[in-house]
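To start, the structure itself, in structure tokens.
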Amino acid sequence: MNDLDFPILSAIVLLPAAAAAVVALLPKNRPDVIRLVGFLAALAVGVLTVVLAFAFDAGDAAYQFVSQHNWIEDLGVSWIVGVDGISLFLVVLTGVLFPIALIGPKVHRDVKSYTAWMLVLEAGCLGSFLSLDLFVFFLFFEVTLVPMYFIIGGWGYDNRVYASIKFFLYTLFGSAFMLVGMLALVYLSAKGKPVTFDVRELAERGTLAESTARWLFLAFTAAFAVKIPLFPVHTWLPDAHTEAPTAGSVILAGVLLKLGTYGILRFAVTLFPAAAVDLAPLLLTLATIGIIYGALVATVQKDLKRLVAYSSVAHLGFIVLGTFALTNQGVAGGVLQMVNHGLSTGALFLLVGMIYERRHTRQISELNGLQKSMPVMAAVFTVVMLSSVGLPGLNGFVGEFLILIGTFITHRWWAVVATAGVILAALYLLWAYQRVFHGTPTGDNVGLPDMTWRERAVMAPLVVLIVFLGVYPKPVLDRINPSVEALVSRIEKATDHRQPAVATRHEVDGE
Amino acid sequence: MLDNAFLIPLLPLLGFCVLVAAGKRAGEPAAGWIGASAVGASFLFTLVAFFELLGREQGARSVGDHLFTWIEVGGFRVDAGLLLDPLSITMALFVTGVGFLIHVYSIGYMHGDERFSKFFVYLNLFVFSMLMLILGDSLLLTFLGWEGVGACSYLLISFWFERESAASAGKKAFVVNRIGDFGFMIAMFLCFATFGTLQYAGIIEGAEGAPHTTVTAIALLLFVGACGKSAQLPLFVWLPDAMEGPTPVSALIHAATMVTAGVYLMARAAPLLALTPDVGTTIAIVGAATALFAATIACAQDDIKRVLAYSTISQLGYMFLAVGSGAYVAAIFHMVTHAFFKALLFLGAGSVIHGLHDEQDMKRMGALKKWMPVTSATFVIGWLAIAGVPPFAGFWSKDDILLNAYEKSPALWAVGLLTALLTAYYMSRQVFLVFWGEERWRKAPVADKLELTEPEPVGDQAAVAVAPALMGPGDQVATGHGDHAAVADGHPAAGHGAHGREPHESPWLMTGPLVVLAVLSVVAGFVNLPFGSWARLEHWLEPVFEESLHHVDATSSTKLTLALVAIAAAGAGLAFAYATFMKAKRVDAYEPAILKRAWGIDAIYAAVIVTPGRALSAFLAYVVDAKVIDGVVNSLGTLVRGGGGVLRKVQTGYVRNYALGVAFGATLLLGWVVVRSGGV
């Protein structure tokens, strides 16, 4: 059904890059024009991604809208972009979050560089999600580091230099492993065949020895584990989140972390299925520890942004858990949860940013009774919080429940422990809400202005999506499912892993 | 109508949406009427559905209504579908019926509150969630409603969020309930793993062929969930604190409807319980123990609402005792009568609090029957109903439970009987303290009341200024902050005193629902009299439970003897309270401090779970995360920086240098890997 007569995916990747170039040419002293151009470009990309979602053929498990151009022929590097059910909604999420992040929070200095970096970042994220060439993916994956480094370092808070360098080095350190793994994989897969970085081709070759595949899997996973971040390589995240400007946090949590979970699914699991099955218990264990550990540590945080950052460690743990359950429900739930987490945590960071703009503090102990003067903000915060807690009827529940039920049928006890994390999520978020919004306001917390119409407009799409995906996730799941089912059955063909019969659709059914 | 049954939950949802969009503009009292009429209309539709089901043959009274597919991945599929059968319709009838009355009452009670319309937003959302819980045709839809009512309960308990205690109570309710939800969720996972579905029909169908241990585990885990929602041992601690919410909320959510959800869930799981008698016994024991335990605490509470809260826990214990004895009809029967008389008692208590200008301490009440004739007359009916005096409703349903418990085990029966005695005692104590005796509210406020001063609630001035047409004469001082004088364990926390003001009867918007509920508390027992064809409720509900249902085979004389003993116990409790509170001065020895503190369970939880949990979290955050994990990371960073310095002598440590270093290392690693695997 690729009936769009222009290369929509290439357009999606290149448009923000081109817009960044345009912004770079605009005069520095017209910040309003720059913001408008940046926003409109991001909005156009957002519209394209939504068009893509509608044009996407829900019945097709394979890559769609593929376009391919040779680039460095000697090395087998090509520009290949394509989208399937696993990447589709991450692309849409990126398309939706960027315009919101660009127009939502205020920018206090150098709007031009900021906007340009944000657009470069968007191009990097979209390129990562859409590239089917391992080499090009790696380039995009690394490219995202640079703008984020400058955004944290340039527009962040007090401790931004430490945080940005930590973020950069940590991730780069992980990437080194992937670089090695990637080159080794391509070299070893090339025996007697042309050299290629095409993921689809590499996944089919399967000439690796078992132990080699395991090492390569670990190399890829190491890079992605840092990005996710998986316990115990998560400590860059709280610093980066806390020091980043609001838009930086929104994109970091909403999109960049997903590069890790997406990468694991698309590359580590797809390219090395046997190793993924063998090492699943290790990753399930790390994910489960992350869920409990992130939640417990979040309960004693004093800084609102740090609290949300640790909640991300817990939530991303759920996504990894579902991925390595290697069942239809677990993996699909994980993919859906990537989107859900992007929406709800993105929204949380925006809200915390709005509070900061009013109070110039993120210290929970300095805030109280905000609901009194900001009932609308409190209501929006409540909805987002309940989504993050996993209340049925809102988006977070659907993904979380699918992950847990999908994990339970293959790895029962991991799922049971992870479910305890659901209790803890209520603990830290409700505690924070009580401290910040409940009580009688005192001092500077009295008489704060409620959300402006602009702020409401910024939050509205997120709240609508949070409710919609909770009530009617079917259109999204219908598009995710075929690709996930194809992936899981591919793993089953390559290994002795079998998901239980209840996980698969029964052809002869009553209704 | 059965095809349009989705209207039953949809109407309160629409009410919610309308109120979210326009509630504030509609203002008072229009917002209240919007909310009330949505629930009222839902009640009418339920009534129509009820009669349609009644018109069908007994075997054809279970109708499914598929709406749309909610979640589907591979073999996991959950539809938004409704299940209409005698059980769900019975529940829906009293939820919407009592819900409507409480909405109307709230229009009077919440008068003058600055967040008047928001109250009805939450209330309508609650009714919708409760109806989804009841009408959902699968465990997951029930769970949707289950969590929805939990969230509404959280929002409504902390409705007056300015008060720290209210905010804490809301959070506590949510978190404690989540512990129960943990059980519920694992039970669902097990059901899917075993039966491949979460639909009730599929689970019941497959239960017989499933391994015994699995069924046992599912039943027990569901019961854990039920213990949370229905405030049974050991998860009851949230319910007394939930009294921080406005009184209509206590009546609707924390007495009549939401807290019975656990009983409903166990009734739905009846076919599983039938296969696992041990689980039934466990439930019966927990229920009986909770009933007695909570009743002892109720005997020593001074807060008018806390007495009722512990009483609710105790009565829910009775219902679980019935469920555990296989007496599902008795459990539902008691649930219905309890919904009437406990809603009546709570609303009556609200009327008293309202009339006494936010006084909740029974020590400062008394002789109110002269000042509040309608409230006191209806409250007396509620009292006789819960105390088990024939022919009021509570007598019949409690008698039914005790009879079934007797056949399960005389020991359980004895515990139930003792509870009945205590129930009659503490309720009589309450009635005598509040409506009879001296006019203690005339006395000046006790000194400790002045310690905590709070600004006068806004509602007061607003009420005086607005002077609405709906209010009765002498009601100008009505306030929306009826529960403002929060009392924890008998110690007043805040509030403005009754000093210098006379009590007054509440407006008809509040007394009207009281009268209706009083009538129902008198007559509701007649839906299920223990005489052959008079057992209408039993005939109606029987097809739902079929062979899971325990049938009483006691002789008429045994039945009569047990009934007489129960009446004697109620009489004894009543007489003892009369002797203590009408004849003599109150005896403090009957009310030891340990009972006032509810056996110190909260303190134990704090010492055993909360404090160590906090310490562990702090240790993880400040030692493990900050020192150990991040310490390793930072020292690695320092090491790299040191190495870089040696290599390049003076360059400042900029990012590109690190990048270079990492790339260099990567190349080395790559070479090693290639050589190694190439050589094999």
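In the structure tokens, the first chain shown is A, the next is B, and so on; residue numbers restart at 1 for each chain, and ligands run from 1 in the order shown.
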Could you list, as JSON, numbers by chain, the residues of chain B having an atom within 6 Å of chain A when counting only C-alpha atoms? {"B": [70, 73, 74, 75, 144, 161, 162, 163, 164, 178, 189, 193, 196, 617, 621, 666, 670]}
Preceding selection exported with N, CA and C atoms as a short mmCIF file (atom, residue, chain, number, x, y, z; two decimals), in the first residue's frame:
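Generated output (result.cif):
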data_model
loop_
_atom_site.label_atom_id
_atom_site.label_comp_id
_atom_site.auth_asym_id
_atom_site.auth_seq_id
_atom_site.Cartn_x
_atom_site.Cartn_y
_atom_site.Cartn_z
N TRP B 70 -11.18 -3.79 23.07
CA TRP B 70 -10.38 -2.81 23.80
C TRP B 70 -8.89 -3.06 23.54
N VAL B 73 -3.80 -8.35 21.39
CA VAL B 73 -2.45 -8.67 20.91
C VAL B 73 -2.33 -10.18 20.87
N GLY B 74 -2.11 -10.73 19.69
CA GLY B 74 -1.99 -12.18 19.59
C GLY B 74 -3.20 -12.86 20.19
N GLY B 75 -2.95 -13.80 21.08
CA GLY B 75 -4.06 -14.53 21.68
C GLY B 75 -4.71 -13.81 22.85
N LEU B 144 -10.75 -2.34 35.47
CA LEU B 144 -10.84 -0.95 35.01
C LEU B 144 -11.72 -0.14 35.96
N PHE B 161 -8.25 19.41 50.00
CA PHE B 161 -6.82 19.12 50.01
C PHE B 161 -6.01 20.09 50.84
N GLU B 162 -6.61 21.24 51.17
CA GLU B 162 -5.86 22.20 51.97
C GLU B 162 -5.45 21.58 53.30
N ARG B 163 -6.26 20.61 53.73
CA ARG B 163 -6.00 19.96 55.02
C ARG B 163 -5.03 18.81 54.81
N GLU B 164 -3.92 18.87 55.49
CA GLU B 164 -2.88 17.86 55.33
C GLU B 164 -3.42 16.45 55.58
N ARG B 178 -3.60 -0.44 46.35
CA ARG B 178 -2.70 -0.99 45.33
C ARG B 178 -2.08 -2.30 45.78
N PHE B 189 -3.13 -12.52 35.56
CA PHE B 189 -2.06 -13.14 34.77
C PHE B 189 -2.23 -14.66 34.78
N ALA B 193 -2.81 -17.14 31.68
CA ALA B 193 -1.88 -18.24 31.43
C ALA B 193 -2.60 -19.59 31.43
N GLY B 196 -6.39 -18.66 28.95
CA GLY B 196 -6.26 -17.93 27.70
C GLY B 196 -7.26 -16.82 27.54
N SER B 617 15.05 2.88 51.04
CA SER B 617 15.06 3.77 49.88
C SER B 617 16.15 4.82 50.02
N ALA B 621 19.33 5.38 47.58
CA ALA B 621 19.52 6.63 46.86
C ALA B 621 20.83 7.31 47.24
N ALA B 666 38.26 1.78 20.83
CA ALA B 666 37.35 0.96 20.04
C ALA B 666 38.08 0.24 18.92
N LEU B 670 38.27 -3.68 18.30
CA LEU B 670 37.82 -4.22 17.03
C LEU B 670 38.87 -5.17 16.46
#
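CA of Lys370 in chain B is positioned 27.1 Å from CA of His338 in chain B.
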Can you tell me which residues surround range 97-108 of chain A at a distance of at most 9 Å, considering only C-alpha atoms, apart from same-chain residues fewer than 3 positions away, and format the answer as a ChimeraX atom specification? /A:35-36,38-46,92-94,111,114-115,118-119,122,155,245-248,250-251,254-255,342-343,346,350,353-354,357,454-455,457-459,461-462
What would the file look like if the residues just selected were written as an mmCIF file, in the first residue's frame with C-alpha atoms?
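Done, and the output landed in part.cif:
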data_model
loop_
_atom_site.group_PDB
_atom_site.id
_atom_site.type_symbol
_atom_site.label_atom_id
_atom_site.label_comp_id
_atom_site.auth_asym_id
_atom_site.auth_seq_id
_atom_site.Cartn_x
_atom_site.Cartn_y
_atom_site.Cartn_z
ATOM 1 C CA ARG A 35 10.971 30.251 16.790
ATOM 2 C CA LEU A 36 8.142 30.402 14.294
ATOM 3 C CA GLY A 38 11.475 26.159 13.814
ATOM 4 C CA PHE A 39 8.001 25.395 15.102
ATOM 5 C CA LEU A 40 6.437 25.332 11.652
ATOM 6 C CA ALA A 41 9.137 23.015 10.341
ATOM 7 C CA ALA A 42 8.660 20.644 13.274
ATOM 8 C CA LEU A 43 4.912 20.881 12.844
ATOM 9 C CA ALA A 44 5.238 20.004 9.159
ATOM 10 C CA VAL A 45 7.298 16.974 10.111
ATOM 11 C CA GLY A 46 4.665 16.089 12.678
ATOM 12 C CA VAL A 92 4.934 9.647 15.150
ATOM 13 C CA LEU A 93 5.884 10.258 18.787
ATOM 14 C CA THR A 94 8.973 12.153 17.659
ATOM 15 C CA VAL A 111 17.106 31.276 20.394
ATOM 16 C CA TYR A 114 18.841 26.509 20.368
ATOM 17 C CA THR A 115 16.296 26.098 17.585
ATOM 18 C CA MET A 118 16.714 21.091 18.329
ATOM 19 C CA LEU A 119 16.033 20.582 14.635
ATOM 20 C CA GLU A 122 14.970 15.816 15.505
ATOM 21 C CA TRP A 155 20.590 26.131 28.158
ATOM 22 C CA PRO A 245 16.240 22.749 30.061
ATOM 23 C CA THR A 246 12.602 21.655 29.918
ATOM 24 C CA ALA A 247 12.590 20.946 26.205
ATOM 25 C CA GLY A 248 15.792 18.957 26.603
ATOM 26 C CA VAL A 250 11.091 16.301 27.260
ATOM 27 C CA ILE A 251 13.032 15.080 24.245
ATOM 28 C CA GLY A 254 10.350 11.165 25.344
ATOM 29 C CA VAL A 255 12.509 10.220 22.393
ATOM 30 C CA GLY A 342 7.165 9.419 25.828
ATOM 31 C CA LEU A 343 3.762 11.030 26.178
ATOM 32 C CA GLY A 346 7.187 14.288 28.314
ATOM 33 C CA LEU A 350 6.574 20.102 30.654
ATOM 34 C CA GLY A 353 8.945 23.214 33.708
ATOM 35 C CA MET A 354 5.799 25.313 34.054
ATOM 36 C CA GLU A 357 8.870 29.140 35.463
ATOM 37 C CA ARG A 454 -0.738 28.782 25.423
ATOM 38 C CA GLU A 455 0.294 26.282 28.058
ATOM 39 C CA ALA A 457 -2.733 24.370 24.061
ATOM 40 C CA VAL A 458 0.687 22.790 24.514
ATOM 41 C CA MET A 459 -0.638 20.195 26.963
ATOM 42 C CA PRO A 461 -2.586 17.128 22.470
ATOM 43 C CA LEU A 462 -0.710 15.109 25.070
#
Residue contacts of Met188 in chain B (8 Å, only C-alpha atoms) excluding same-chain residues fewer than 6 positions away, as a ChimeraX atom specification: /B:139-140,198,218
With N, CA and C atoms retained, export the selected residues as a short mmCIF file (atom, residue, chain, number, x, y, z; two decimals), in the first residue's frame.
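Result went into again09.cif, see below:
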data_model
loop_
_atom_site.label_atom_id
_atom_site.label_comp_id
_atom_site.auth_asym_id
_atom_site.auth_seq_id
_atom_site.Cartn_x
_atom_site.Cartn_y
_atom_site.Cartn_z
N LEU B 139 -12.61 -9.96 33.85
CA LEU B 139 -11.85 -9.50 35.01
C LEU B 139 -11.20 -8.16 34.72
N LEU B 140 -10.74 -7.96 33.48
CA LEU B 140 -10.01 -6.73 33.19
C LEU B 140 -10.93 -5.52 33.19
N LEU B 198 -9.70 -13.61 29.89
CA LEU B 198 -10.04 -12.98 31.16
C LEU B 198 -11.55 -12.83 31.30
N ILE B 218 -5.57 -18.63 42.15
CA ILE B 218 -6.36 -17.54 41.56
C ILE B 218 -7.38 -17.03 42.57
#
Distance in Å - CA of Gly85 in chain A versus CA of Ile291 in chain A: 25.9 Å
What is the distance, in Å and to one decimal place, between CA of Ala325 in chain A and CA of Asp278 in chain A?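 It comes out at 11.8 Å.
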Using DSSP on the backbone coordinates, identify all residues within range 258-315 of chain A classified as alpha helix (DSSP H); present the result as a PyMOL selection string. chain A and resi 258-263+270-271+273-299+304-315
How about saving the chosen residues, N, CA and C atoms kept, as a short mmCIF file (atom, residue, chain, number, x, y, z; two decimals), in the first residue's frame?
data_model
loop_
_atom_site.label_atom_id
_atom_site.label_comp_id
_atom_site.auth_asym_id
_atom_site.auth_seq_id
_atom_site.Cartn_x
_atom_site.Cartn_y
_atom_site.Cartn_z
N LYS A 258 14.25 6.14 24.00
CA LYS A 258 13.65 5.09 23.16
C LYS A 258 14.61 4.57 22.12
N LEU A 259 15.63 5.38 21.79
CA LEU A 259 16.64 4.87 20.86
C LEU A 259 17.26 3.61 21.42
N GLY A 260 17.39 3.56 22.74
CA GLY A 260 17.97 2.38 23.38
C GLY A 260 17.05 1.17 23.29
N THR A 261 15.80 1.34 23.71
CA THR A 261 14.88 0.20 23.69
C THR A 261 14.57 -0.22 22.26
N TYR A 262 14.46 0.79 21.38
CA TYR A 262 14.23 0.47 19.96
C TYR A 262 15.43 -0.27 19.39
N GLY A 263 16.62 0.21 19.71
CA GLY A 263 17.83 -0.42 19.19
C GLY A 263 17.95 -1.87 19.62
N THR A 270 16.93 -8.73 16.86
CA THR A 270 16.68 -9.19 15.49
C THR A 270 17.91 -9.86 14.88
N LEU A 271 19.09 -9.30 15.13
CA LEU A 271 20.29 -9.84 14.49
C LEU A 271 20.82 -11.07 15.20
N PRO A 273 19.10 -13.56 17.46
CA PRO A 273 17.98 -14.12 18.22
C PRO A 273 18.40 -15.18 19.24
N ALA A 274 19.35 -16.03 18.86
CA ALA A 274 19.73 -17.10 19.79
C ALA A 274 20.36 -16.51 21.05
N ALA A 275 21.22 -15.53 20.83
CA ALA A 275 21.85 -14.90 21.99
C ALA A 275 20.81 -14.19 22.85
N ALA A 276 19.82 -13.57 22.18
CA ALA A 276 18.78 -12.88 22.94
C ALA A 276 18.02 -13.85 23.83
N VAL A 277 17.73 -15.04 23.28
CA VAL A 277 17.02 -16.03 24.08
C VAL A 277 17.90 -16.49 25.25
N ASP A 278 19.17 -16.76 24.95
CA ASP A 278 20.08 -17.25 26.00
C ASP A 278 20.25 -16.24 27.11
N LEU A 279 20.41 -14.99 26.72
CA LEU A 279 20.75 -13.98 27.71
C LEU A 279 19.52 -13.25 28.26
N ALA A 280 18.33 -13.67 27.83
CA ALA A 280 17.11 -13.01 28.30
C ALA A 280 17.03 -12.96 29.82
N PRO A 281 17.35 -14.05 30.53
CA PRO A 281 17.24 -13.98 32.00
C PRO A 281 18.09 -12.86 32.60
N LEU A 282 19.27 -12.64 32.03
CA LEU A 282 20.14 -11.57 32.54
C LEU A 282 19.45 -10.22 32.38
N LEU A 283 18.92 -9.98 31.18
CA LEU A 283 18.32 -8.68 30.92
C LEU A 283 17.01 -8.51 31.67
N LEU A 284 16.25 -9.60 31.78
CA LEU A 284 15.02 -9.53 32.57
C LEU A 284 15.34 -9.17 34.01
N THR A 285 16.42 -9.75 34.51
CA THR A 285 16.79 -9.48 35.90
C THR A 285 17.21 -8.01 36.07
N LEU A 286 18.04 -7.53 35.16
CA LEU A 286 18.44 -6.12 35.25
C LEU A 286 17.23 -5.20 35.14
N ALA A 287 16.31 -5.56 34.23
CA ALA A 287 15.11 -4.74 34.05
C ALA A 287 14.28 -4.72 35.33
N THR A 288 14.13 -5.89 35.93
CA THR A 288 13.31 -5.98 37.14
C THR A 288 13.96 -5.21 38.29
N ILE A 289 15.28 -5.35 38.40
CA ILE A 289 15.96 -4.57 39.44
C ILE A 289 15.73 -3.09 39.19
N GLY A 290 15.84 -2.69 37.92
CA GLY A 290 15.63 -1.29 37.57
C GLY A 290 14.24 -0.80 37.97
N ILE A 291 13.25 -1.65 37.77
CA ILE A 291 11.87 -1.27 38.10
C ILE A 291 11.74 -0.97 39.59
N ILE A 292 12.23 -1.90 40.40
CA ILE A 292 12.08 -1.74 41.84
C ILE A 292 13.03 -0.65 42.36
N TYR A 293 14.26 -0.73 41.89
CA TYR A 293 15.29 0.20 42.35
C TYR A 293 14.94 1.63 41.97
N GLY A 294 14.57 1.84 40.71
CA GLY A 294 14.21 3.19 40.26
C GLY A 294 13.06 3.75 41.08
N ALA A 295 12.08 2.89 41.35
CA ALA A 295 10.92 3.36 42.09
C ALA A 295 11.30 3.70 43.54
N LEU A 296 12.08 2.83 44.16
CA LEU A 296 12.47 3.09 45.56
C LEU A 296 13.30 4.36 45.67
N VAL A 297 14.25 4.50 44.77
CA VAL A 297 15.10 5.69 44.82
C VAL A 297 14.27 6.95 44.54
N ALA A 298 13.28 6.81 43.67
CA ALA A 298 12.43 7.97 43.37
C ALA A 298 11.69 8.45 44.61
N THR A 299 11.35 7.52 45.51
CA THR A 299 10.54 7.92 46.66
C THR A 299 11.26 8.89 47.59
N LEU A 304 12.08 17.65 42.07
CA LEU A 304 10.97 17.12 41.28
C LEU A 304 11.44 16.48 39.97
N LYS A 305 12.40 17.11 39.32
CA LYS A 305 12.87 16.57 38.05
C LYS A 305 13.65 15.27 38.25
N ARG A 306 14.41 15.22 39.32
CA ARG A 306 15.16 14.00 39.63
C ARG A 306 14.21 12.86 39.90
N LEU A 307 13.11 13.18 40.57
CA LEU A 307 12.10 12.15 40.87
C LEU A 307 11.54 11.58 39.56
N VAL A 308 11.21 12.48 38.65
CA VAL A 308 10.67 12.00 37.37
C VAL A 308 11.74 11.19 36.62
N ALA A 309 13.00 11.63 36.75
CA ALA A 309 14.07 10.92 36.07
C ALA A 309 14.18 9.47 36.58
N TYR A 310 14.13 9.30 37.89
CA TYR A 310 14.21 7.94 38.42
C TYR A 310 12.96 7.14 38.05
N SER A 311 11.83 7.83 37.95
CA SER A 311 10.63 7.09 37.51
C SER A 311 10.85 6.57 36.09
N SER A 312 11.63 7.30 35.30
CA SER A 312 11.93 6.82 33.95
C SER A 312 12.76 5.54 34.00
N VAL A 313 13.69 5.48 34.94
CA VAL A 313 14.49 4.25 35.07
C VAL A 313 13.55 3.07 35.30
N ALA A 314 12.56 3.27 36.16
CA ALA A 314 11.60 2.20 36.44
C ALA A 314 10.76 1.88 35.20
N HIS A 315 10.27 2.91 34.55
CA HIS A 315 9.39 2.68 33.40
C HIS A 315 10.11 2.03 32.23
#
Quick one: of B:Ala210, B:Ala5, B:Ile71, B:Ala242, who's nearest to Leu135 in chain B, counting only C-alpha atoms?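 With only C-alpha atoms as the atom set, the closest residue is B:Ala5.
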